[in-house]
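Source file: start-v9.cif. Holds: mmCIF, N, CA and C atoms.
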```cif
data_protein
loop_
_atom_site.label_atom_id
_atom_site.label_comp_id
_atom_site.auth_asym_id
_atom_site.auth_seq_id
_atom_site.Cartn_x
_atom_site.Cartn_y
_atom_site.Cartn_z
N MET A 184 0.85 -1.18 0.00
CA MET A 184 0.00 0.00 0.00
C MET A 184 0.89 1.24 0.00
N LYS A 185 0.50 2.19 -0.82
CA LYS A 185 1.22 3.46 -0.90
C LYS A 185 0.22 4.59 -0.69
N ILE A 186 0.53 5.48 0.26
CA ILE A 186 -0.31 6.64 0.53
C ILE A 186 0.38 7.85 -0.08
N ILE A 187 -0.35 8.54 -0.96
CA ILE A 187 0.22 9.69 -1.64
C ILE A 187 -0.60 10.95 -1.35
N SER A 188 0.05 12.07 -1.42
CA SER A 188 -0.62 13.35 -1.26
C SER A 188 -1.40 13.64 -2.54
N GLY A 189 -2.64 14.08 -2.38
CA GLY A 189 -3.44 14.48 -3.53
C GLY A 189 -4.23 13.36 -4.16
N GLY A 190 -4.66 13.63 -5.38
CA GLY A 190 -5.46 12.66 -6.11
C GLY A 190 -6.86 13.16 -6.41
N LEU A 191 -7.16 14.38 -6.00
CA LEU A 191 -8.54 14.88 -6.16
C LEU A 191 -8.98 15.04 -7.61
N ASP A 192 -8.04 15.03 -8.55
CA ASP A 192 -8.40 15.12 -9.96
C ASP A 192 -8.59 13.75 -10.60
N ASP A 193 -8.25 12.70 -9.89
CA ASP A 193 -8.39 11.34 -10.42
C ASP A 193 -9.85 10.92 -10.37
N PRO A 194 -10.42 10.45 -11.48
CA PRO A 194 -11.83 10.05 -11.49
C PRO A 194 -12.16 8.93 -10.49
N ARG A 195 -11.21 8.06 -10.19
CA ARG A 195 -11.45 7.00 -9.21
C ARG A 195 -11.59 7.58 -7.82
N VAL A 196 -10.77 8.58 -7.50
CA VAL A 196 -10.86 9.25 -6.21
C VAL A 196 -12.17 10.01 -6.12
N ARG A 197 -12.51 10.71 -7.16
CA ARG A 197 -13.77 11.47 -7.19
C ARG A 197 -14.97 10.54 -6.97
N ALA A 198 -14.95 9.39 -7.63
CA ALA A 198 -16.06 8.43 -7.49
C ALA A 198 -16.16 7.92 -6.05
N LEU A 199 -15.02 7.61 -5.43
CA LEU A 199 -15.04 7.12 -4.05
C LEU A 199 -15.54 8.22 -3.11
N LEU A 200 -15.10 9.45 -3.32
CA LEU A 200 -15.57 10.55 -2.48
C LEU A 200 -17.07 10.81 -2.66
N GLU A 201 -17.56 10.71 -3.89
CA GLU A 201 -18.99 10.88 -4.13
C GLU A 201 -19.78 9.79 -3.42
N HIS A 202 -19.27 8.56 -3.46
CA HIS A 202 -19.91 7.46 -2.74
C HIS A 202 -19.90 7.74 -1.23
N HIS A 203 -18.78 8.21 -0.72
CA HIS A 203 -18.64 8.52 0.70
C HIS A 203 -19.68 9.55 1.14
N VAL A 204 -19.78 10.63 0.40
CA VAL A 204 -20.73 11.69 0.75
C VAL A 204 -22.17 11.18 0.66
N ARG A 205 -22.48 10.49 -0.41
CA ARG A 205 -23.84 9.96 -0.60
C ARG A 205 -24.21 8.98 0.52
N THR A 206 -23.31 8.08 0.85
CA THR A 206 -23.56 7.08 1.88
C THR A 206 -23.68 7.74 3.26
N ALA A 207 -22.76 8.64 3.58
CA ALA A 207 -22.81 9.32 4.88
C ALA A 207 -24.12 10.07 5.05
N ARG A 208 -24.55 10.73 3.99
CA ARG A 208 -25.80 11.50 4.08
C ARG A 208 -27.02 10.60 4.18
N SER A 209 -26.94 9.42 3.58
CA SER A 209 -28.09 8.50 3.66
C SER A 209 -28.13 7.74 4.97
N GLU A 210 -27.00 7.68 5.68
CA GLU A 210 -26.91 6.90 6.91
C GLU A 210 -26.97 7.74 8.18
N THR A 211 -27.35 9.00 8.07
CA THR A 211 -27.45 9.85 9.25
C THR A 211 -28.66 10.76 9.13
N GLY A 212 -28.95 11.47 10.18
CA GLY A 212 -30.12 12.34 10.22
C GLY A 212 -30.01 13.50 9.25
N VAL A 213 -31.14 13.92 8.73
CA VAL A 213 -31.19 15.05 7.80
C VAL A 213 -30.56 16.28 8.46
N GLY A 214 -29.64 16.91 7.73
CA GLY A 214 -28.97 18.10 8.24
C GLY A 214 -27.82 17.83 9.18
N SER A 215 -27.53 16.55 9.47
CA SER A 215 -26.48 16.22 10.43
C SER A 215 -25.25 15.59 9.79
N ALA A 216 -25.26 15.39 8.47
CA ALA A 216 -24.10 14.80 7.80
C ALA A 216 -23.09 15.90 7.48
N HIS A 217 -21.84 15.67 7.86
CA HIS A 217 -20.80 16.68 7.69
C HIS A 217 -19.70 16.23 6.73
N ALA A 218 -19.96 15.19 5.95
CA ALA A 218 -18.97 14.73 4.97
C ALA A 218 -18.78 15.83 3.92
N LEU A 219 -17.54 16.13 3.62
CA LEU A 219 -17.23 17.19 2.67
C LEU A 219 -17.34 16.73 1.23
N ALA A 220 -17.97 17.55 0.41
CA ALA A 220 -17.96 17.33 -1.03
C ALA A 220 -16.58 17.72 -1.55
N LEU A 221 -16.32 17.41 -2.80
CA LEU A 221 -15.02 17.61 -3.41
C LEU A 221 -14.49 19.04 -3.24
N ASP A 222 -15.31 20.03 -3.46
CA ASP A 222 -14.86 21.42 -3.34
C ASP A 222 -14.33 21.74 -1.95
N GLY A 223 -14.94 21.20 -0.92
CA GLY A 223 -14.49 21.44 0.44
C GLY A 223 -13.12 20.87 0.73
N LEU A 224 -12.74 19.83 -0.01
CA LEU A 224 -11.44 19.20 0.19
C LEU A 224 -10.32 19.95 -0.53
N LYS A 225 -10.68 20.92 -1.35
CA LYS A 225 -9.69 21.68 -2.11
C LYS A 225 -9.27 22.97 -1.41
N SER A 226 -9.78 23.23 -0.22
CA SER A 226 -9.47 24.50 0.45
C SER A 226 -8.01 24.51 0.92
N ALA A 227 -7.49 25.71 1.12
CA ALA A 227 -6.07 25.89 1.47
C ALA A 227 -5.70 25.29 2.82
N ASP A 228 -6.67 25.14 3.72
CA ASP A 228 -6.39 24.60 5.06
C ASP A 228 -6.52 23.07 5.12
N MET A 229 -6.57 22.43 3.96
CA MET A 229 -6.83 21.00 3.88
C MET A 229 -5.65 20.27 3.25
N ASN A 230 -5.30 19.13 3.82
CA ASN A 230 -4.36 18.18 3.23
C ASN A 230 -5.15 16.93 2.89
N PHE A 231 -4.93 16.38 1.71
CA PHE A 231 -5.69 15.21 1.25
C PHE A 231 -4.74 14.13 0.78
N TRP A 232 -5.06 12.88 1.12
CA TRP A 232 -4.25 11.73 0.70
C TRP A 232 -5.14 10.64 0.13
N SER A 233 -4.55 9.85 -0.76
CA SER A 233 -5.22 8.67 -1.29
C SER A 233 -4.28 7.48 -1.12
N ALA A 234 -4.88 6.32 -0.84
CA ALA A 234 -4.11 5.10 -0.61
C ALA A 234 -4.31 4.17 -1.80
N TRP A 235 -3.22 3.61 -2.29
CA TRP A 235 -3.24 2.81 -3.51
C TRP A 235 -2.50 1.49 -3.34
N ASP A 236 -2.94 0.50 -4.09
CA ASP A 236 -2.21 -0.75 -4.30
C ASP A 236 -2.05 -0.84 -5.81
N GLY A 237 -0.92 -0.40 -6.32
CA GLY A 237 -0.75 -0.29 -7.76
C GLY A 237 -1.72 0.75 -8.30
N ASP A 238 -2.57 0.33 -9.22
CA ASP A 238 -3.58 1.23 -9.81
C ASP A 238 -4.93 1.14 -9.11
N THR A 239 -5.00 0.39 -8.03
CA THR A 239 -6.26 0.20 -7.31
C THR A 239 -6.35 1.17 -6.14
N LEU A 240 -7.39 1.99 -6.15
CA LEU A 240 -7.63 2.93 -5.05
C LEU A 240 -8.20 2.16 -3.86
N LEU A 241 -7.56 2.31 -2.71
CA LEU A 241 -7.98 1.61 -1.50
C LEU A 241 -8.80 2.49 -0.57
N GLY A 242 -8.43 3.76 -0.47
CA GLY A 242 -9.11 4.64 0.46
C GLY A 242 -8.58 6.06 0.37
N VAL A 243 -9.21 6.93 1.14
CA VAL A 243 -8.85 8.35 1.16
C VAL A 243 -8.92 8.88 2.58
N GLY A 244 -8.32 10.03 2.79
CA GLY A 244 -8.40 10.70 4.08
C GLY A 244 -7.89 12.12 3.95
N ALA A 245 -8.33 12.99 4.86
CA ALA A 245 -7.92 14.39 4.81
C ALA A 245 -7.71 14.92 6.22
N LEU A 246 -6.95 15.99 6.29
CA LEU A 246 -6.67 16.68 7.54
C LEU A 246 -6.89 18.17 7.32
N LYS A 247 -7.80 18.73 8.10
CA LYS A 247 -8.09 20.16 8.04
C LYS A 247 -7.41 20.83 9.23
N GLN A 248 -6.65 21.88 8.97
CA GLN A 248 -6.02 22.61 10.06
C GLN A 248 -7.00 23.65 10.59
N LEU A 249 -7.43 23.47 11.84
CA LEU A 249 -8.38 24.38 12.47
C LEU A 249 -7.70 25.58 13.12
N SER A 250 -6.50 25.36 13.64
CA SER A 250 -5.70 26.42 14.27
C SER A 250 -4.25 25.97 14.23
N SER A 251 -3.38 26.73 14.84
CA SER A 251 -1.96 26.36 14.83
C SER A 251 -1.69 25.09 15.65
N SER A 252 -2.64 24.69 16.49
CA SER A 252 -2.42 23.51 17.33
C SER A 252 -3.48 22.42 17.18
N HIS A 253 -4.53 22.67 16.41
CA HIS A 253 -5.67 21.76 16.36
C HIS A 253 -6.02 21.42 14.91
N GLY A 254 -6.19 20.12 14.64
CA GLY A 254 -6.58 19.66 13.32
C GLY A 254 -7.80 18.77 13.40
N GLU A 255 -8.46 18.60 12.26
CA GLU A 255 -9.65 17.75 12.18
C GLU A 255 -9.49 16.73 11.05
N ILE A 256 -9.77 15.48 11.35
CA ILE A 256 -9.80 14.44 10.32
C ILE A 256 -11.09 14.60 9.54
N LYS A 257 -10.97 14.60 8.21
CA LYS A 257 -12.13 14.73 7.34
C LYS A 257 -12.08 13.63 6.26
N SER A 258 -13.25 13.23 5.82
CA SER A 258 -13.41 12.38 4.63
C SER A 258 -12.57 11.12 4.63
N MET A 259 -12.40 10.51 5.79
CA MET A 259 -11.69 9.24 5.82
C MET A 259 -12.66 8.16 5.36
N HIS A 260 -12.27 7.43 4.32
CA HIS A 260 -13.17 6.41 3.78
C HIS A 260 -12.33 5.33 3.08
N THR A 261 -12.69 4.08 3.33
CA THR A 261 -12.05 2.94 2.68
C THR A 261 -13.05 2.32 1.72
N ALA A 262 -12.60 2.00 0.52
CA ALA A 262 -13.46 1.32 -0.45
C ALA A 262 -14.00 0.03 0.18
N GLN A 263 -15.26 -0.25 -0.05
CA GLN A 263 -15.94 -1.39 0.58
C GLN A 263 -15.16 -2.69 0.42
N VAL A 264 -14.63 -2.97 -0.76
CA VAL A 264 -13.93 -4.24 -0.99
C VAL A 264 -12.62 -4.34 -0.23
N ASN A 265 -12.14 -3.22 0.30
CA ASN A 265 -10.85 -3.22 1.01
C ASN A 265 -11.00 -3.07 2.52
N ARG A 266 -12.22 -3.12 3.01
CA ARG A 266 -12.43 -2.95 4.45
C ARG A 266 -11.90 -4.16 5.21
N ARG A 267 -11.47 -3.89 6.45
CA ARG A 267 -10.93 -4.89 7.36
C ARG A 267 -9.61 -5.48 6.85
N ALA A 268 -8.90 -4.68 6.04
CA ALA A 268 -7.60 -5.11 5.51
C ALA A 268 -6.48 -4.17 5.95
N GLY A 269 -6.78 -3.26 6.88
CA GLY A 269 -5.75 -2.38 7.40
C GLY A 269 -5.62 -1.03 6.71
N VAL A 270 -6.47 -0.77 5.72
CA VAL A 270 -6.38 0.51 4.99
C VAL A 270 -6.72 1.67 5.92
N GLY A 271 -7.81 1.56 6.66
CA GLY A 271 -8.22 2.62 7.58
C GLY A 271 -7.16 2.89 8.63
N THR A 272 -6.58 1.84 9.18
CA THR A 272 -5.51 2.00 10.17
C THR A 272 -4.31 2.71 9.57
N ALA A 273 -3.91 2.30 8.36
CA ALA A 273 -2.76 2.92 7.72
C ALA A 273 -3.02 4.40 7.44
N MET A 274 -4.21 4.72 6.95
CA MET A 274 -4.53 6.12 6.66
C MET A 274 -4.59 6.93 7.94
N LEU A 275 -5.21 6.38 8.99
CA LEU A 275 -5.30 7.10 10.25
C LEU A 275 -3.90 7.37 10.82
N ARG A 276 -3.04 6.39 10.80
CA ARG A 276 -1.67 6.58 11.28
C ARG A 276 -0.94 7.64 10.46
N HIS A 277 -1.18 7.63 9.16
CA HIS A 277 -0.57 8.62 8.27
C HIS A 277 -1.03 10.03 8.64
N ILE A 278 -2.32 10.19 8.87
CA ILE A 278 -2.87 11.50 9.22
C ILE A 278 -2.35 11.95 10.58
N ILE A 279 -2.28 11.05 11.55
CA ILE A 279 -1.76 11.39 12.87
C ILE A 279 -0.31 11.85 12.76
N GLU A 280 0.50 11.14 11.98
CA GLU A 280 1.90 11.53 11.81
C GLU A 280 2.01 12.87 11.09
N ALA A 281 1.18 13.10 10.08
CA ALA A 281 1.19 14.39 9.38
C ALA A 281 0.82 15.52 10.33
N ALA A 282 -0.15 15.28 11.19
CA ALA A 282 -0.56 16.29 12.18
C ALA A 282 0.61 16.62 13.11
N ARG A 283 1.32 15.60 13.56
CA ARG A 283 2.49 15.82 14.42
C ARG A 283 3.56 16.62 13.68
N MET A 284 3.81 16.28 12.42
CA MET A 284 4.82 16.98 11.63
C MET A 284 4.44 18.45 11.41
N MET A 285 3.15 18.74 11.42
CA MET A 285 2.67 20.12 11.27
C MET A 285 2.73 20.88 12.60
N GLY A 286 3.08 20.18 13.68
CA GLY A 286 3.16 20.82 14.99
C GLY A 286 1.83 20.88 15.72
N LEU A 287 0.84 20.13 15.23
CA LEU A 287 -0.46 20.12 15.92
C LEU A 287 -0.34 19.32 17.20
N THR A 288 -1.08 19.72 18.21
CA THR A 288 -1.05 19.01 19.49
C THR A 288 -2.38 18.33 19.80
N ARG A 289 -3.37 18.56 18.95
CA ARG A 289 -4.68 17.94 19.15
C ARG A 289 -5.29 17.64 17.79
N LEU A 290 -5.90 16.46 17.69
CA LEU A 290 -6.54 16.02 16.46
C LEU A 290 -7.94 15.56 16.82
N SER A 291 -8.96 16.10 16.15
CA SER A 291 -10.35 15.79 16.48
C SER A 291 -11.09 15.33 15.23
N LEU A 292 -12.30 14.83 15.43
CA LEU A 292 -13.14 14.41 14.33
C LEU A 292 -14.59 14.38 14.76
N GLU A 293 -15.46 14.41 13.76
CA GLU A 293 -16.89 14.22 13.96
C GLU A 293 -17.27 13.02 13.13
N THR A 294 -18.07 12.13 13.71
CA THR A 294 -18.60 10.99 12.97
C THR A 294 -20.03 10.76 13.42
N GLY A 295 -20.72 9.92 12.68
CA GLY A 295 -22.12 9.68 12.99
C GLY A 295 -22.33 8.82 14.22
N SER A 296 -23.49 8.98 14.83
CA SER A 296 -23.84 8.19 16.02
C SER A 296 -24.60 6.92 15.63
N TRP A 297 -24.99 6.80 14.39
CA TRP A 297 -25.80 5.67 13.94
C TRP A 297 -24.95 4.41 13.80
N ALA A 298 -25.60 3.25 13.76
CA ALA A 298 -24.90 1.96 13.73
C ALA A 298 -23.93 1.85 12.55
N TYR A 299 -24.25 2.43 11.42
CA TYR A 299 -23.38 2.39 10.24
C TYR A 299 -21.97 2.87 10.57
N PHE A 300 -21.85 3.83 11.49
CA PHE A 300 -20.57 4.44 11.82
C PHE A 300 -19.83 3.73 12.96
N HIS A 301 -20.40 2.67 13.50
CA HIS A 301 -19.78 1.96 14.62
C HIS A 301 -18.35 1.48 14.29
N PRO A 302 -18.10 0.87 13.12
CA PRO A 302 -16.71 0.45 12.83
C PRO A 302 -15.72 1.61 12.82
N ALA A 303 -16.14 2.76 12.32
CA ALA A 303 -15.24 3.93 12.32
C ALA A 303 -14.94 4.36 13.75
N ARG A 304 -15.98 4.43 14.58
CA ARG A 304 -15.76 4.83 15.97
C ARG A 304 -14.83 3.84 16.68
N ALA A 305 -15.00 2.56 16.41
CA ALA A 305 -14.13 1.55 17.02
C ALA A 305 -12.68 1.73 16.57
N LEU A 306 -12.47 2.03 15.30
CA LEU A 306 -11.12 2.28 14.79
C LEU A 306 -10.48 3.46 15.52
N TYR A 307 -11.22 4.54 15.64
CA TYR A 307 -10.66 5.73 16.32
C TYR A 307 -10.36 5.43 17.79
N ARG A 308 -11.24 4.72 18.46
CA ARG A 308 -10.99 4.37 19.87
C ARG A 308 -9.73 3.53 20.01
N ARG A 309 -9.54 2.56 19.10
CA ARG A 309 -8.35 1.71 19.14
C ARG A 309 -7.07 2.52 19.03
N HIS A 310 -7.15 3.69 18.44
CA HIS A 310 -5.97 4.53 18.26
C HIS A 310 -5.92 5.69 19.24
N GLY A 311 -6.69 5.58 20.32
CA GLY A 311 -6.56 6.52 21.42
C GLY A 311 -7.53 7.69 21.42
N PHE A 312 -8.40 7.79 20.43
CA PHE A 312 -9.37 8.87 20.42
C PHE A 312 -10.44 8.62 21.48
N ALA A 313 -10.88 9.68 22.11
CA ALA A 313 -11.92 9.61 23.14
C ALA A 313 -13.01 10.62 22.78
N GLU A 314 -14.22 10.31 23.22
CA GLU A 314 -15.33 11.23 22.96
C GLU A 314 -15.08 12.56 23.66
N CYS A 315 -15.55 13.62 23.04
CA CYS A 315 -15.35 14.97 23.56
C CYS A 315 -16.56 15.83 23.18
N PRO A 316 -16.64 17.03 23.73
CA PRO A 316 -17.71 17.94 23.33
C PRO A 316 -17.48 18.42 21.89
N PRO A 317 -18.49 19.02 21.29
CA PRO A 317 -18.30 19.59 19.95
C PRO A 317 -17.14 20.58 19.94
N PHE A 318 -16.46 20.68 18.82
CA PHE A 318 -15.31 21.58 18.66
C PHE A 318 -15.52 22.42 17.40
N GLY A 319 -14.71 23.43 17.23
CA GLY A 319 -14.81 24.27 16.04
C GLY A 319 -16.20 24.87 15.91
N ASP A 320 -16.77 24.74 14.72
CA ASP A 320 -18.10 25.28 14.44
C ASP A 320 -19.23 24.30 14.70
N TYR A 321 -18.91 23.11 15.19
CA TYR A 321 -19.95 22.11 15.44
C TYR A 321 -20.78 22.49 16.67
N VAL A 322 -22.01 21.99 16.69
CA VAL A 322 -22.89 22.13 17.85
C VAL A 322 -23.33 20.74 18.26
N ALA A 323 -23.77 20.61 19.50
CA ALA A 323 -24.25 19.32 19.98
C ALA A 323 -25.37 18.82 19.07
N ASP A 324 -25.33 17.53 18.75
CA ASP A 324 -26.28 16.93 17.83
C ASP A 324 -26.35 15.44 18.17
N ALA A 325 -27.54 14.93 18.40
CA ALA A 325 -27.70 13.51 18.75
C ALA A 325 -27.21 12.59 17.63
N ASN A 326 -27.10 13.09 16.41
CA ASN A 326 -26.65 12.28 15.28
C ASN A 326 -25.14 12.29 15.11
N SER A 327 -24.43 13.04 15.93
CA SER A 327 -22.97 13.16 15.81
C SER A 327 -22.28 12.72 17.10
N ILE A 328 -21.10 12.17 16.90
CA ILE A 328 -20.20 11.86 18.00
C ILE A 328 -18.89 12.57 17.68
N PHE A 329 -18.36 13.27 18.65
CA PHE A 329 -17.12 14.02 18.51
C PHE A 329 -16.04 13.30 19.29
N MET A 330 -14.86 13.20 18.70
CA MET A 330 -13.75 12.48 19.33
C MET A 330 -12.48 13.31 19.16
N THR A 331 -11.54 13.12 20.11
CA THR A 331 -10.29 13.87 20.04
C THR A 331 -9.13 13.02 20.55
N LEU A 332 -7.95 13.41 20.14
CA LEU A 332 -6.71 12.74 20.55
C LEU A 332 -5.68 13.83 20.81
N GLU A 333 -5.08 13.82 22.00
CA GLU A 333 -3.97 14.72 22.31
C GLU A 333 -2.71 14.09 21.71
N LEU A 334 -1.98 14.86 20.94
CA LEU A 334 -0.78 14.32 20.26
C LEU A 334 0.48 14.55 21.07
#
```
Written as C-alpha cells, that's how I'd like the structure from this file.
Amino acid sequence: MKIISGGLDDPRVRALLEHHVRTARSETGVGSAHALALDGLKSADMNFWSAWDGDTLLGVGALKQLSSSHGEIKSMHTAQVNRRAGVGTAMLRHIIEAARMMGLTRLSLETGSWAYFHPARALYRRHGFAECPPFGDYVADANSIFMTLEL
C-alpha cells in the first residue's frame, strides 16, 4: 500500500468521495451529515491523501487545520472491498503523523452516532481517540459523535 498526497483530480478518487458523501448522508439524520464534497477538500487549510495498491484505489483521508495547534480528520473512507484489511488503520496513522509533523497538538473528528458508523468509531478508539464535546463550528447533535486525541 502506498499513501500519496493528492489525487482529487483522479476520477477513481472522485467516485469514491462521491460514494462517501452519498452514503454518509443517507446513513445519518437530515442536516447532520458533515462529509465534505469535493470542493471542500480543495481548500487551502486542507491536506488530502489517497491510498493505492498499484492502480487500485484503496481509500482516502484528509486533515483540516483548524488552528496552529488543532486539526480535524475529514473524509476518511475505505473502499468497501478493502475494508478490514488495514487501509483505515494505515490512513489514520498517516494522518496522525502528518498532524504531528505540522506541529499540531490535538486532532479531532466528527462521525455519525448511527450503527453504520460503529466500525469507524471503534477504529478511532483503538488509536486513542476519546469522545469529547463539539469543537470548532460544530454544535451538539444527537446524530454526531465528537472524538479527540492529544498528540
Ranking A:Phe312, A:Tyr299, A:Trp232, A:Tyr307 by minimum distance to A:Glu333 and counting all atoms listed in the file, which one comes first?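 Closest residue, counting all atoms listed in the file: A:Phe312.
Here the question is which of A:Val196, A:Leu290, A:Met274, A:Ala281 gets nearest to A:His253 using all atoms listed in the file, and that residue is A:Leu290.
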Expressed in Å, the length from atom N of A:Asp192 to atom CA of A:Asp228 is 16.7 Å
Just checking: using all atoms listed in the file, which residue out of A:Val264, A:Ile278, A:Val270, A:Cys315 ends up closest to A:Ala245?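 Among the listed residues, the smallest separation from A:Ala245 belongs to A:Ile278.
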Given all atoms listed in the file as the basis, pick out the residue of A:Phe329, A:Trp297, A:Tyr321, A:Phe231 nearest to A:Lys247.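 Going through A:Phe329, A:Trp297, A:Tyr321, A:Phe231 one by one, the smallest distance to A:Lys247 is for A:Phe231.
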- Message: List as a ChimeraX atom specification the protein and nucleic acid residues near A:Phe300, meaning an atom at most 10 Å away when only C-alpha atoms are counted, but skip any in the same chain fewer than 2 places from it.
- Response: /A:207,210-211,294-298,302-305,327-328
Suppose we keep N, CA and C atoms; can you now write the selection as an mmCIF file, keeping the file's coordinate frame?
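Result file is result-v1.cif:
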```cif
data_model
loop_
_atom_site.group_PDB
_atom_site.id
_atom_site.type_symbol
_atom_site.label_atom_id
_atom_site.label_comp_id
_atom_site.auth_asym_id
_atom_site.auth_seq_id
_atom_site.Cartn_x
_atom_site.Cartn_y
_atom_site.Cartn_z
ATOM 1 N N ALA A 207 -22.760 8.640 3.580
ATOM 2 C CA ALA A 207 -22.810 9.320 4.880
ATOM 3 C C ALA A 207 -24.120 10.070 5.050
ATOM 4 N N GLU A 210 -27.000 7.680 5.680
ATOM 5 C CA GLU A 210 -26.910 6.900 6.910
ATOM 6 C C GLU A 210 -26.970 7.740 8.180
ATOM 7 N N THR A 211 -27.350 9.000 8.070
ATOM 8 C CA THR A 211 -27.450 9.850 9.250
ATOM 9 C C THR A 211 -28.660 10.760 9.130
ATOM 10 N N THR A 294 -18.070 12.130 13.710
ATOM 11 C CA THR A 294 -18.600 10.990 12.970
ATOM 12 C C THR A 294 -20.030 10.760 13.420
ATOM 13 N N GLY A 295 -20.720 9.920 12.680
ATOM 14 C CA GLY A 295 -22.120 9.680 12.990
ATOM 15 C C GLY A 295 -22.330 8.820 14.220
ATOM 16 N N SER A 296 -23.490 8.980 14.830
ATOM 17 C CA SER A 296 -23.840 8.190 16.020
ATOM 18 C C SER A 296 -24.600 6.920 15.630
ATOM 19 N N TRP A 297 -24.990 6.800 14.390
ATOM 20 C CA TRP A 297 -25.800 5.670 13.940
ATOM 21 C C TRP A 297 -24.950 4.410 13.800
ATOM 22 N N ALA A 298 -25.600 3.250 13.760
ATOM 23 C CA ALA A 298 -24.900 1.960 13.730
ATOM 24 C C ALA A 298 -23.930 1.850 12.550
ATOM 25 N N PRO A 302 -18.100 0.870 13.120
ATOM 26 C CA PRO A 302 -16.710 0.450 12.830
ATOM 27 C C PRO A 302 -15.720 1.610 12.820
ATOM 28 N N ALA A 303 -16.140 2.760 12.320
ATOM 29 C CA ALA A 303 -15.240 3.930 12.320
ATOM 30 C C ALA A 303 -14.940 4.360 13.750
ATOM 31 N N ARG A 304 -15.980 4.430 14.580
ATOM 32 C CA ARG A 304 -15.760 4.830 15.970
ATOM 33 C C ARG A 304 -14.830 3.840 16.680
ATOM 34 N N ALA A 305 -15.000 2.560 16.410
ATOM 35 C CA ALA A 305 -14.130 1.550 17.020
ATOM 36 C C ALA A 305 -12.680 1.730 16.570
ATOM 37 N N SER A 327 -24.430 13.040 15.930
ATOM 38 C CA SER A 327 -22.970 13.160 15.810
ATOM 39 C C SER A 327 -22.280 12.720 17.100
ATOM 40 N N ILE A 328 -21.100 12.170 16.900
ATOM 41 C CA ILE A 328 -20.200 11.860 18.000
ATOM 42 C C ILE A 328 -18.890 12.570 17.680
#
```
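Each of A:Gly242, A:Pro316, A:Gly269, A:Gly311 was compared to A:His202 using only C-alpha atoms, and A:Gly242 turns out to be the nearest.
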Next item on the list: Tell me, as a list in words, which residues lie within 8 Å of A:Arg283, counting all atoms listed in the file; anything in the same chain fewer than 6 positions away does not count.
Entry: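 After dropping sequence-adjacent residues, the list is His277, Arg289 and Leu334 of chain A.
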Which residues, written as a PyMOL selection string, have at least one atom at most 10 Å from A:Gly319, with only C-alpha atoms counted and residues fewer than 4 positions away on the same chain left out?
chain A and resi 249-250+253-255+291
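When only N, CA and C atoms are used to compute distances to A:Leu199, the closest of the residues A:Ala262, A:Ile187, A:Asn326, A:Pro317 turns out to be A:Ala262.
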In stretch 184-300 of chain A, DSSP alpha helix (DSSP H) residues written as a ChimeraX atom specification: /A:194-209,221-224,270-284
| task | Step by step, work through what the PyMOL selection byres (((chain A and resi 237 and name CA) around 12) and name CA) selects in the shown file, and finish by giving those residues as a list in words. | result |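 Applied to this file, the PyMOL selection byres (((chain A and resi 237 and name CA) around 12) and name CA) selects Met184, Lys185, Ile186, Ile187, Ser233, Ala234, Trp235, Asp236, Asp238, Thr239, Leu240 and Leu241 of chain A.
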Put those residues in a file: N, CA and C atoms, as a compact mmCIF listing (two decimals), in the coordinates of the input.
```txt
# COMPACT_ATOMS: atom_id res chain seq x y z
N MET A 184 0.85 -1.18 0.00
CA MET A 184 0.00 0.00 0.00
C MET A 184 0.89 1.24 0.00
N LYS A 185 0.50 2.19 -0.82
CA LYS A 185 1.22 3.46 -0.90
C LYS A 185 0.22 4.59 -0.69
N ILE A 186 0.53 5.48 0.26
CA ILE A 186 -0.31 6.64 0.53
C ILE A 186 0.38 7.85 -0.08
N ILE A 187 -0.35 8.54 -0.96
CA ILE A 187 0.22 9.69 -1.64
C ILE A 187 -0.60 10.95 -1.35
N SER A 233 -4.55 9.85 -0.76
CA SER A 233 -5.22 8.67 -1.29
C SER A 233 -4.28 7.48 -1.12
N ALA A 234 -4.88 6.32 -0.84
CA ALA A 234 -4.11 5.10 -0.61
C ALA A 234 -4.31 4.17 -1.80
N TRP A 235 -3.22 3.61 -2.29
CA TRP A 235 -3.24 2.81 -3.51
C TRP A 235 -2.50 1.49 -3.34
N ASP A 236 -2.94 0.50 -4.09
CA ASP A 236 -2.21 -0.75 -4.30
C ASP A 236 -2.05 -0.84 -5.81
N ASP A 238 -2.57 0.33 -9.22
CA ASP A 238 -3.58 1.23 -9.81
C ASP A 238 -4.93 1.14 -9.11
N THR A 239 -5.00 0.39 -8.03
CA THR A 239 -6.26 0.20 -7.31
C THR A 239 -6.35 1.17 -6.14
N LEU A 240 -7.39 1.99 -6.15
CA LEU A 240 -7.63 2.93 -5.05
C LEU A 240 -8.20 2.16 -3.86
N LEU A 241 -7.56 2.31 -2.71
CA LEU A 241 -7.98 1.61 -1.50
C LEU A 241 -8.80 2.49 -0.57
```
**Q.** Test item: residues at most 8 Å from A:Leu219, all atoms listed in the file, excluding those fewer than 4 positions along its chain, as a ChimeraX atom specification
**A.** /A:200-201,203-204,223-224,257-259
(Q) For the structure I just gave you, how does DSSP split stretch 221-254 of chain A - specifically, which residues are strand (DSSP E or B)? Reply as a ChimeraX atom specification. (A) /A:229-236,239-248,253-254
Taken to one decimal, the atom CA of A:Ser251-atom CA of A:Gly286 distance is 7.5 Å
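When atom CA of A:Arg276 is paired with atom CA of A:Ser252, their separation reads 18.0 Å.
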